[in-house]
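data_39.cif follows (mmCIF, C-alpha atoms):
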```
data_data
#
loop_
_atom_site.group_PDB
_atom_site.id
_atom_site.type_symbol
_atom_site.label_atom_id
_atom_site.label_comp_id
_atom_site.auth_asym_id
_atom_site.auth_seq_id
_atom_site.Cartn_x
_atom_site.Cartn_y
_atom_site.Cartn_z
ATOM 1 C CA MET A 1 -23.947 -33.056 -8.078
ATOM 2 C CA VAL A 2 -25.044 -29.838 -9.819
ATOM 3 C CA GLU A 3 -28.016 -29.611 -7.446
ATOM 4 C CA LYS A 4 -25.686 -29.761 -4.424
ATOM 5 C CA LEU A 5 -23.466 -27.015 -5.840
ATOM 6 C CA LYS A 6 -26.442 -24.717 -6.377
ATOM 7 C CA LYS A 7 -27.338 -25.111 -2.713
ATOM 8 C CA LEU A 8 -23.879 -23.980 -1.555
ATOM 9 C CA ARG A 9 -24.784 -20.387 -0.817
ATOM 10 C CA TYR A 10 -25.682 -18.120 2.049
ATOM 11 C CA GLU A 11 -27.466 -14.789 1.841
ATOM 12 C CA PHE A 12 -28.417 -12.306 4.532
ATOM 13 C CA CYS A 13 -29.264 -8.598 4.420
ATOM 14 C CA SER A 14 -30.223 -6.824 7.620
ATOM 15 C CA LYS A 15 -33.418 -4.823 7.773
ATOM 16 C CA THR A 16 -31.549 -2.018 9.517
ATOM 17 C CA THR A 17 -30.309 0.477 6.939
ATOM 18 C CA ILE A 18 -27.997 3.447 6.749
ATOM 19 C CA GLY A 19 -29.381 5.596 3.971
ATOM 20 C CA ASN A 20 -30.377 3.094 1.277
ATOM 21 C CA LEU A 21 -27.763 0.512 2.283
ATOM 22 C CA PRO A 22 -28.458 -2.381 4.625
ATOM 23 C CA LEU A 23 -26.211 -2.269 7.694
ATOM 24 C CA VAL A 24 -24.946 -5.815 6.977
ATOM 25 C CA CYS A 25 -25.186 -7.735 3.719
ATOM 26 C CA ILE A 26 -23.691 -11.202 3.255
ATOM 27 C CA SER A 27 -23.860 -13.088 -0.028
ATOM 28 C CA ILE A 28 -21.446 -15.980 -0.452
ATOM 29 C CA GLY A 29 -21.551 -19.204 -2.394
ATOM 30 C CA VAL A 30 -20.971 -20.718 -5.804
ATOM 31 C CA GLY A 31 -21.079 -18.182 -8.634
ATOM 32 C CA ALA A 32 -20.904 -14.421 -8.774
ATOM 33 C CA ARG A 33 -22.618 -13.529 -5.496
ATOM 34 C CA THR A 34 -22.698 -9.779 -4.840
ATOM 35 C CA ALA A 35 -23.120 -8.187 -1.427
ATOM 36 C CA LYS A 36 -23.906 -4.471 -1.123
ATOM 37 C CA GLY A 37 -24.177 -2.896 2.288
ATOM 38 C CA PHE A 38 -22.500 -0.701 4.882
ATOM 39 C CA ILE A 39 -20.709 -3.906 5.936
ATOM 40 C CA ALA A 40 -20.537 -6.198 2.907
ATOM 41 C CA ILE A 41 -19.239 -9.762 2.850
ATOM 42 C CA GLY A 42 -19.467 -11.674 -0.398
ATOM 43 C CA ASN A 43 -17.751 -13.153 -3.392
ATOM 44 C CA ILE A 44 -18.046 -9.636 -4.798
ATOM 45 C CA SER A 45 -18.560 -7.056 -2.053
ATOM 46 C CA VAL A 46 -19.277 -3.350 -2.182
ATOM 47 C CA GLY A 47 -19.527 -1.417 1.059
ATOM 48 C CA VAL A 48 -17.938 0.999 3.466
ATOM 49 C CA ILE A 49 -16.392 -2.091 5.103
ATOM 50 C CA SER A 50 -15.973 -4.734 2.431
ATOM 51 C CA ILE A 51 -14.678 -8.318 2.604
ATOM 52 C CA GLY A 52 -14.652 -10.616 -0.413
ATOM 53 C CA ILE A 53 -12.818 -12.183 -3.304
ATOM 54 C CA VAL A 54 -13.345 -8.857 -5.079
ATOM 55 C CA ALA A 55 -13.784 -6.078 -2.500
ATOM 56 C CA ILE A 56 -14.622 -2.446 -3.154
ATOM 57 C CA GLY A 57 -15.029 0.027 -0.316
ATOM 58 C CA GLY A 58 -13.612 2.445 2.204
ATOM 59 C CA PHE A 59 -11.963 -0.388 4.127
ATOM 60 C CA ALA A 60 -11.567 -3.346 1.777
ATOM 61 C CA LEU A 61 -10.088 -6.793 2.353
ATOM 62 C CA GLY A 62 -9.972 -9.171 -0.602
ATOM 63 C CA LEU A 63 -7.947 -10.971 -3.211
ATOM 64 C CA VAL A 64 -8.550 -8.051 -5.574
ATOM 65 C CA SER A 65 -9.378 -4.858 -3.685
ATOM 66 C CA LEU A 66 -10.150 -1.255 -4.509
ATOM 67 C CA GLY A 67 -10.779 1.449 -1.939
ATOM 68 C CA ALA A 68 -9.356 3.942 0.520
ATOM 69 C CA PHE A 69 -7.653 1.606 3.041
ATOM 70 C CA ILE A 70 -7.123 -1.816 1.553
ATOM 71 C CA LEU A 71 -5.469 -5.138 2.195
ATOM 72 C CA GLY A 72 -5.261 -8.009 -0.275
ATOM 73 C CA CYS A 73 -3.286 -9.738 -3.002
ATOM 74 C CA ILE A 74 -3.754 -7.129 -5.740
ATOM 75 C CA CYS A 75 -4.888 -3.718 -4.486
ATOM 76 C CA ALA A 76 -5.355 -0.117 -5.573
ATOM 77 C CA GLY A 77 -6.313 2.697 -3.241
ATOM 78 C CA LEU A 78 -5.148 5.521 -1.014
ATOM 79 C CA VAL A 79 -3.347 3.302 1.502
ATOM 80 C CA SER A 80 -2.668 -0.082 -0.050
ATOM 81 C CA VAL A 81 -1.004 -3.146 1.470
ATOM 82 C CA ALA A 82 -0.778 -6.092 -0.927
ATOM 83 C CA GLY A 83 1.398 -8.448 -2.904
ATOM 84 C CA ILE A 84 0.949 -6.051 -5.815
ATOM 85 C CA SER A 85 0.062 -2.640 -4.434
ATOM 86 C CA LEU A 86 -0.865 0.638 -6.122
ATOM 87 C CA GLY A 87 -1.725 3.712 -4.088
ATOM 88 C CA LEU A 88 -0.814 7.033 -2.569
ATOM 89 C CA ILE A 89 0.952 4.993 0.131
ATOM 90 C CA ALA A 90 1.773 1.567 -1.291
ATOM 91 C CA ILE A 91 3.326 -1.289 0.673
ATOM 92 C CA GLY A 92 3.894 -4.706 -0.871
ATOM 93 C CA GLY A 93 6.041 -7.116 -2.808
ATOM 94 C CA VAL A 94 5.641 -4.824 -5.793
ATOM 95 C CA ALA A 95 4.642 -1.333 -4.639
ATOM 96 C CA VAL A 96 3.849 1.631 -6.864
ATOM 97 C CA GLY A 97 2.821 4.896 -5.239
ATOM 98 C CA ILE A 98 3.810 8.366 -4.191
ATOM 99 C CA PHE A 99 5.223 6.810 -1.000
ATOM 100 C CA SER A 100 6.250 3.217 -1.754
ATOM 101 C CA LEU A 101 7.780 0.454 0.347
ATOM 102 C CA GLY A 102 8.416 -3.029 -1.013
ATOM 103 C CA GLY A 103 10.625 -5.622 -2.599
ATOM 104 C CA ILE A 104 10.325 -3.679 -5.835
ATOM 105 C CA SER A 105 9.324 -0.132 -5.011
ATOM 106 C CA VAL A 106 8.511 2.674 -7.451
ATOM 107 C CA GLY A 107 7.405 6.140 -6.389
ATOM 108 C CA VAL A 108 8.385 9.696 -5.631
ATOM 109 C CA ALA A 109 9.908 8.546 -2.324
ATOM 110 C CA SER A 110 10.783 4.826 -2.429
ATOM 111 C CA VAL A 111 12.200 2.347 0.045
ATOM 112 C CA GLY A 112 12.872 -1.281 -0.854
ATOM 113 C CA GLY A 113 15.098 -4.012 -2.147
ATOM 114 C CA ILE A 114 14.937 -2.376 -5.555
ATOM 115 C CA ALA A 115 13.849 1.227 -4.978
ATOM 116 C CA ILE A 116 13.193 3.593 -7.866
ATOM 117 C CA GLY A 117 12.335 7.092 -6.718
ATOM 118 C CA GLY A 118 11.326 10.229 -8.560
ATOM 119 C CA GLN A 119 13.125 12.321 -5.947
ATOM 120 C CA ALA A 120 14.686 10.010 -3.342
ATOM 121 C CA ALA A 121 15.225 6.280 -2.802
ATOM 122 C CA THR A 122 16.730 3.996 -0.180
ATOM 123 C CA GLY A 123 17.397 0.310 -0.795
ATOM 124 C CA GLY A 124 19.664 -2.486 -1.896
ATOM 125 C CA LEU A 125 19.533 -1.045 -5.418
ATOM 126 C CA ALA A 126 18.474 2.596 -5.198
ATOM 127 C CA ILE A 127 17.778 4.602 -8.337
ATOM 128 C CA ALA A 128 16.801 8.265 -7.897
ATOM 129 C CA PRO A 129 18.263 11.737 -8.159
ATOM 130 C CA VAL A 130 19.199 11.336 -4.470
ATOM 131 C CA ALA A 131 19.779 7.729 -3.402
ATOM 132 C CA MET A 132 21.198 5.692 -0.553
ATOM 133 C CA GLY A 133 21.903 2.003 -0.922
ATOM 134 C CA ILE A 134 24.337 -0.804 -1.490
ATOM 135 C CA VAL A 135 24.238 -0.084 -5.235
ATOM 136 C CA THR A 136 23.064 3.336 -6.371
ATOM 137 C CA LYS A 137 22.384 5.149 -9.608
ATOM 138 C CA ALA A 138 21.918 8.792 -8.693
ATOM 139 C CA ASP A 139 23.037 12.362 -9.180
ATOM 140 C CA VAL A 140 24.163 12.310 -5.536
ATOM 141 C CA SER A 141 24.328 9.180 -3.406
ATOM 142 C CA LEU A 142 25.480 7.737 -0.137
ATOM 143 C CA SER A 143 26.480 4.124 0.392
ATOM 144 C CA PHE A 144 24.996 2.134 3.230
ATOM 145 C CA ILE A 145 26.422 2.286 6.715
ATOM 146 C CA ASP A 146 30.081 1.613 7.270
ATOM 147 C CA ILE A 147 30.688 -0.443 10.395
ATOM 148 C CA ASN A 148 32.538 2.447 12.055
ATOM 149 C CA GLU A 149 29.801 5.030 11.453
ATOM 150 C CA LEU A 150 26.709 5.609 13.536
ATOM 151 C CA MET A 151 23.306 5.228 11.983
ATOM 152 C CA SER A 152 22.231 8.733 12.989
ATOM 153 C CA THR A 153 25.232 10.168 11.137
ATOM 154 C CA GLN A 154 24.190 8.324 7.982
ATOM 155 C CA LYS A 155 20.621 9.593 8.336
ATOM 156 C CA GLU A 156 21.822 13.185 8.787
ATOM 157 C CA GLN A 157 24.114 12.921 5.746
ATOM 158 C CA PHE A 158 21.362 11.471 3.551
ATOM 159 C CA THR A 159 18.842 14.066 4.756
ATOM 160 C CA ALA A 160 21.347 16.842 3.976
ATOM 161 C CA LEU A 161 21.913 15.426 0.459
ATOM 162 C CA ILE A 162 18.163 15.413 -0.220
ATOM 163 C CA TYR A 163 17.700 18.995 0.991
ATOM 164 C CA ASP A 164 20.730 20.127 -1.049
ATOM 165 C CA LYS A 165 19.209 18.678 -4.219
ATOM 166 C CA TYR A 166 15.590 19.661 -3.398
ATOM 167 C CA PRO A 167 15.553 22.631 -0.980
ATOM 168 C CA ASN A 168 11.737 22.888 -1.073
ATOM 169 C CA ILE A 169 10.987 19.149 -0.852
ATOM 170 C CA TRP A 170 7.975 18.153 1.206
ATOM 171 C CA LYS A 171 9.239 16.889 4.598
ATOM 172 C CA PRO A 172 7.131 13.657 4.551
ATOM 173 C CA PHE A 173 9.118 12.516 1.472
ATOM 174 C CA VAL A 174 12.353 12.883 3.443
ATOM 175 C CA ASP A 175 10.846 11.181 6.494
ATOM 176 C CA TRP A 176 9.644 8.271 4.320
ATOM 177 C CA VAL A 177 13.011 7.474 2.718
ATOM 178 C CA THR A 178 14.879 7.838 6.008
ATOM 179 C CA MET A 179 12.372 5.937 8.153
ATOM 180 C CA LEU A 180 14.490 2.791 8.464
ATOM 181 C CA PHE A 181 17.421 4.565 10.114
#
```

Just give me the structure as structure tokens.
Amino acid sequence: MVEKLKKLRYEFCSKTTIGNLPLVCISIGVGARTAKGFIAIGNISVGVISIGIVAIGGFALGLVSLGAFILGCICAGLVSVAGISLGLIAIGGVAVGIFSLGGISVGVASVGGIAIGGQAATGGLAIAPVAMGIVTKADVSLSFIDINELMSTQKEQFTALIYDKYPNIWKPFVDWVTMLF
């Protein structure tokens, strides 16, 4: 049985290189198999485009991922989409980032079921200096849409509240927390 398990592996590295990296490197199988290449696919993969259980790279897809643009279960990077996500822009079940969107969202500008924002937050429970939600804890807040009010009116009111509190706020923060309207 042990002999059969040892044979469960596949390795390939292309002879074509970019710099010192092979164009394509694949190393999968039983054990800690590492693939390093421009395009890397392996149990552990490191590459510009990386796919693996553990993936590190510019574009990474894996259970645990680290990189610039990443997708996975647990991720950290510039733009991160994951169950547990950490990044400049973080989207996920639990999202922590400057711009965060998720079930539980923590950041400077947060949107989510439970949104905790350093400057602004929108969500079911919104906690921030300026917040909009069903339940809010804020210096200034706005409750979610009344049936008789138009959505655009709510967006304008919330945007005005943010700019009143932070006159010099970076516009992408405002756009982020009002994106759902």

Kindly extract all protein, DNA and RNA residues lying within 6 Å of the coordinates (-11.0, 6.4, 3.1) given in the file, considering only C-alpha atoms, and supply them as a list of chain:residue names.
A:Gly58, A:Ala68, A:Phe69

Just want the 10 Å neighbourhood of Ile104 in chain A, counted on only C-alpha atoms, with same-chain residues fewer than 3 positions away dropped. Output as a ChimeraX atom specification.
/A:84,91-96,100-101,110-116,123,125

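Taken over the shown file, the PyMOL selection byres ((chain A and resi 53) around 7) identifies A:Asn43, A:Ile44, A:Gly52, A:Val54, A:Ala55, A:Gly62, A:Leu63, A:Val64.
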
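Comparing A:Val48, A:Ala32, A:Val130, A:Ala138 by their smallest distance to Ile169 in chain A, the closest is A:Val130 (using only C-alpha atoms).
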
At what distance in Å, to one decimal, does CA of Leu180 in chain A lie from CA of Gly103 in chain A?
14.4 Å

Using all atoms listed in the file, can you tell me which of A:Cys75, A:Ile162, A:Ile26, A:Leu142 comes closest to Gly118 in chain A?
A:Ile162

Output as lines of an AutoDock Vina configuration file the centre and edge lengths (Å, one decimal) of the box along x, y and z of the file that holds every listed atom of range 78-81 of chain A after adding 5 Å on each side.
```
center_x = -3.1
center_y = 1.2
center_z = 0.2
size_x = 14.1
size_y = 18.7
size_z = 12.5
```

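CA of Lys36 in chain A is found 9.7 Å from CA of Ile56 in chain A.
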
Where does the PyMOL selection byres ((chain A and resi 88) around 7) land in this file, that is, which residues does it pick, as a PDB file with C-alpha atoms, in the frame of the given file?
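As a result, result-v9.pdb now contains:
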```pdb
ATOM      1  CA  LEU A  78      -5.148   5.521  -1.014  1.00  0.00           C
ATOM      2  CA  VAL A  79      -3.347   3.302   1.502  1.00  0.00           C
ATOM      3  CA  GLY A  87      -1.725   3.712  -4.088  1.00  0.00           C
ATOM      4  CA  ILE A  89       0.952   4.993   0.131  1.00  0.00           C
ATOM      5  CA  ALA A  90       1.773   1.567  -1.291  1.00  0.00           C
ATOM      6  CA  GLY A  97       2.821   4.896  -5.239  1.00  0.00           C
ATOM      7  CA  ILE A  98       3.810   8.366  -4.191  1.00  0.00           C
ATOM      8  CA  PHE A  99       5.223   6.810  -1.000  1.00  0.00           C
TER       9      PHE A  99
END
```

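Every residue that the PyMOL selection byres ((chain A and resi 165) around 10) selects in this file is listed here: Gln119, Ala120, Pro129, Val130, Asp139, Val140, Ala160, Leu161, Ile162, Tyr163, Asp164, Tyr166, Pro167, Asn168 and Ile169 of chain A.
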
Which residues, protein or nucleic acid, reach to within 6 Å of (-17.5, -16.5, -1.8) in the file's coordinates when using only C-alpha atoms, and can you give that as a ChimeraX atom specification?
/A:28-29,42-43

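Taking CA of Tyr10 in chain A as the reference point, CA of Ala60 in chain A is found at 20.4 Å.
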
Residue with the minimum atom-to-atom distance to Ala128 in chain A, picked from A:Met179, A:Val106, A:Ser65, A:Ser143 with all atoms listed in the file counted, is A:Val106

Selection near Val24 in chain A, 8 Å with all atoms listed in the file, sequence-local residues under 2 positions removed, as a list in words
Phe12, Cys13, Ser14, Pro22, Ile26, Gly37, Phe38, Ile39 and Ala40 of chain A

What would range 60-90 of chain A look like with N, CA and C atoms in place, written as a PDB file, in the frame of the given file?
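rebuild.pdb was written with the following content:
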```
ATOM      1  N   ALA A  60     -11.322  -2.147   2.579  1.00  0.00           N
ATOM      2  CA  ALA A  60     -11.567  -3.346   1.777  1.00  0.00           C
ATOM      3  C   ALA A  60     -10.503  -4.405   2.046  1.00  0.00           C
ATOM      4  N   LEU A  61     -10.960  -5.639   2.162  1.00  0.00           N
ATOM      5  CA  LEU A  61     -10.088  -6.793   2.353  1.00  0.00           C
ATOM      6  C   LEU A  61     -10.507  -7.843   1.340  1.00  0.00           C
ATOM      7  N   GLY A  62      -9.615  -8.187   0.416  1.00  0.00           N
ATOM      8  CA  GLY A  62      -9.972  -9.171  -0.602  1.00  0.00           C
ATOM      9  C   GLY A  62      -8.794  -9.561  -1.457  1.00  0.00           C
ATOM     10  N   LEU A  63      -9.014 -10.583  -2.292  1.00  0.00           N
ATOM     11  CA  LEU A  63      -7.947 -10.971  -3.211  1.00  0.00           C
ATOM     12  C   LEU A  63      -7.638  -9.823  -4.166  1.00  0.00           C
ATOM     13  N   VAL A  64      -8.671  -9.238  -4.736  1.00  0.00           N
ATOM     14  CA  VAL A  64      -8.550  -8.051  -5.574  1.00  0.00           C
ATOM     15  C   VAL A  64      -9.363  -6.974  -4.876  1.00  0.00           C
ATOM     16  N   SER A  65      -8.706  -5.882  -4.481  1.00  0.00           N
ATOM     17  CA  SER A  65      -9.378  -4.858  -3.685  1.00  0.00           C
ATOM     18  C   SER A  65      -9.174  -3.470  -4.267  1.00  0.00           C
ATOM     19  N   LEU A  66     -10.188  -2.643  -4.073  1.00  0.00           N
ATOM     20  CA  LEU A  66     -10.150  -1.255  -4.509  1.00  0.00           C
ATOM     21  C   LEU A  66     -10.821  -0.430  -3.433  1.00  0.00           C
ATOM     22  N   GLY A  67     -10.159   0.630  -2.972  1.00  0.00           N
ATOM     23  CA  GLY A  67     -10.779   1.449  -1.939  1.00  0.00           C
ATOM     24  C   GLY A  67      -9.808   2.420  -1.314  1.00  0.00           C
ATOM     25  N   ALA A  68     -10.192   2.958  -0.169  1.00  0.00           N
ATOM     26  CA  ALA A  68      -9.356   3.942   0.520  1.00  0.00           C
ATOM     27  C   ALA A  68      -8.253   3.256   1.319  1.00  0.00           C
ATOM     28  N   PHE A  69      -8.613   2.360   2.222  1.00  0.00           N
ATOM     29  CA  PHE A  69      -7.653   1.606   3.041  1.00  0.00           C
ATOM     30  C   PHE A  69      -7.869   0.139   2.726  1.00  0.00           C
ATOM     31  N   ILE A  70      -6.883  -0.480   2.087  1.00  0.00           N
ATOM     32  CA  ILE A  70      -7.123  -1.816   1.553  1.00  0.00           C
ATOM     33  C   ILE A  70      -5.995  -2.784   1.863  1.00  0.00           C
ATOM     34  N   LEU A  71      -6.389  -4.044   1.924  1.00  0.00           N
ATOM     35  CA  LEU A  71      -5.469  -5.138   2.195  1.00  0.00           C
ATOM     36  C   LEU A  71      -5.874  -6.288   1.286  1.00  0.00           C
ATOM     37  N   GLY A  72      -4.920  -6.898   0.607  1.00  0.00           N
ATOM     38  CA  GLY A  72      -5.261  -8.009  -0.275  1.00  0.00           C
ATOM     39  C   GLY A  72      -4.073  -8.484  -1.079  1.00  0.00           C
ATOM     40  N   CYS A  73      -4.349  -9.235  -2.131  1.00  0.00           N
ATOM     41  CA  CYS A  73      -3.286  -9.738  -3.002  1.00  0.00           C
ATOM     42  C   CYS A  73      -2.922  -8.718  -4.079  1.00  0.00           C
ATOM     43  N   ILE A  74      -3.945  -8.170  -4.734  1.00  0.00           N
ATOM     44  CA  ILE A  74      -3.754  -7.129  -5.740  1.00  0.00           C
ATOM     45  C   ILE A  74      -4.674  -5.985  -5.344  1.00  0.00           C
ATOM     46  N   CYS A  75      -4.091  -4.815  -5.035  1.00  0.00           N
ATOM     47  CA  CYS A  75      -4.888  -3.718  -4.486  1.00  0.00           C
ATOM     48  C   CYS A  75      -4.543  -2.380  -5.122  1.00  0.00           C
ATOM     49  N   ALA A  76      -5.544  -1.506  -5.156  1.00  0.00           N
ATOM     50  CA  ALA A  76      -5.355  -0.117  -5.573  1.00  0.00           C
ATOM     51  C   ALA A  76      -6.201   0.765  -4.672  1.00  0.00           C
ATOM     52  N   GLY A  77      -5.580   1.797  -4.115  1.00  0.00           N
ATOM     53  CA  GLY A  77      -6.313   2.697  -3.241  1.00  0.00           C
ATOM     54  C   GLY A  77      -5.418   3.742  -2.629  1.00  0.00           C
ATOM     55  N   LEU A  78      -5.946   4.479  -1.673  1.00  0.00           N
ATOM     56  CA  LEU A  78      -5.148   5.521  -1.014  1.00  0.00           C
ATOM     57  C   LEU A  78      -4.011   4.917  -0.209  1.00  0.00           C
ATOM     58  N   VAL A  79      -4.342   4.029   0.716  1.00  0.00           N
ATOM     59  CA  VAL A  79      -3.347   3.302   1.502  1.00  0.00           C
ATOM     60  C   VAL A  79      -3.533   1.831   1.145  1.00  0.00           C
ATOM     61  N   SER A  80      -2.541   1.256   0.510  1.00  0.00           N
ATOM     62  CA  SER A  80      -2.668  -0.082  -0.050  1.00  0.00           C
ATOM     63  C   SER A  80      -1.563  -0.991   0.475  1.00  0.00           C
ATOM     64  N   VAL A  81      -1.956  -2.146   1.008  1.00  0.00           N
ATOM     65  CA  VAL A  81      -1.004  -3.146   1.470  1.00  0.00           C
ATOM     66  C   VAL A  81      -1.358  -4.441   0.749  1.00  0.00           C
ATOM     67  N   ALA A  82      -0.449  -4.920  -0.111  1.00  0.00           N
ATOM     68  CA  ALA A  82      -0.778  -6.092  -0.927  1.00  0.00           C
ATOM     69  C   ALA A  82       0.471  -6.692  -1.542  1.00  0.00           C
ATOM     70  N   GLY A  83       0.313  -7.852  -2.132  1.00  0.00           N
ATOM     71  CA  GLY A  83       1.398  -8.448  -2.904  1.00  0.00           C
ATOM     72  C   GLY A  83       1.783  -7.525  -4.046  1.00  0.00           C
ATOM     73  N   ILE A  84       0.774  -7.062  -4.780  1.00  0.00           N
ATOM     74  CA  ILE A  84       0.949  -6.051  -5.815  1.00  0.00           C
ATOM     75  C   ILE A  84       0.089  -4.871  -5.381  1.00  0.00           C
ATOM     76  N   SER A  85       0.733  -3.763  -5.086  1.00  0.00           N
ATOM     77  CA  SER A  85       0.062  -2.640  -4.434  1.00  0.00           C
ATOM     78  C   SER A  85       0.232  -1.357  -5.232  1.00  0.00           C
ATOM     79  N   LEU A  86      -0.874  -0.637  -5.431  1.00  0.00           N
ATOM     80  CA  LEU A  86      -0.865   0.638  -6.122  1.00  0.00           C
ATOM     81  C   LEU A  86      -1.635   1.627  -5.268  1.00  0.00           C
ATOM     82  N   GLY A  87      -1.017   2.751  -4.910  1.00  0.00           N
ATOM     83  CA  GLY A  87      -1.725   3.712  -4.088  1.00  0.00           C
ATOM     84  C   GLY A  87      -0.901   4.923  -3.743  1.00  0.00           C
ATOM     85  N   LEU A  88      -1.531   5.857  -3.057  1.00  0.00           N
ATOM     86  CA  LEU A  88      -0.814   7.033  -2.569  1.00  0.00           C
ATOM     87  C   LEU A  88       0.320   6.552  -1.653  1.00  0.00           C
ATOM     88  N   ILE A  89      -0.028   5.697  -0.691  1.00  0.00           N
ATOM     89  CA  ILE A  89       0.952   4.993   0.131  1.00  0.00           C
ATOM     90  C   ILE A  89       0.812   3.520  -0.224  1.00  0.00           C
ATOM     91  N   ALA A  90       1.830   2.953  -0.828  1.00  0.00           N
ATOM     92  CA  ALA A  90       1.773   1.567  -1.291  1.00  0.00           C
ATOM     93  C   ALA A  90       2.844   0.735  -0.599  1.00  0.00           C
TER      94      ALA A  90
END
```
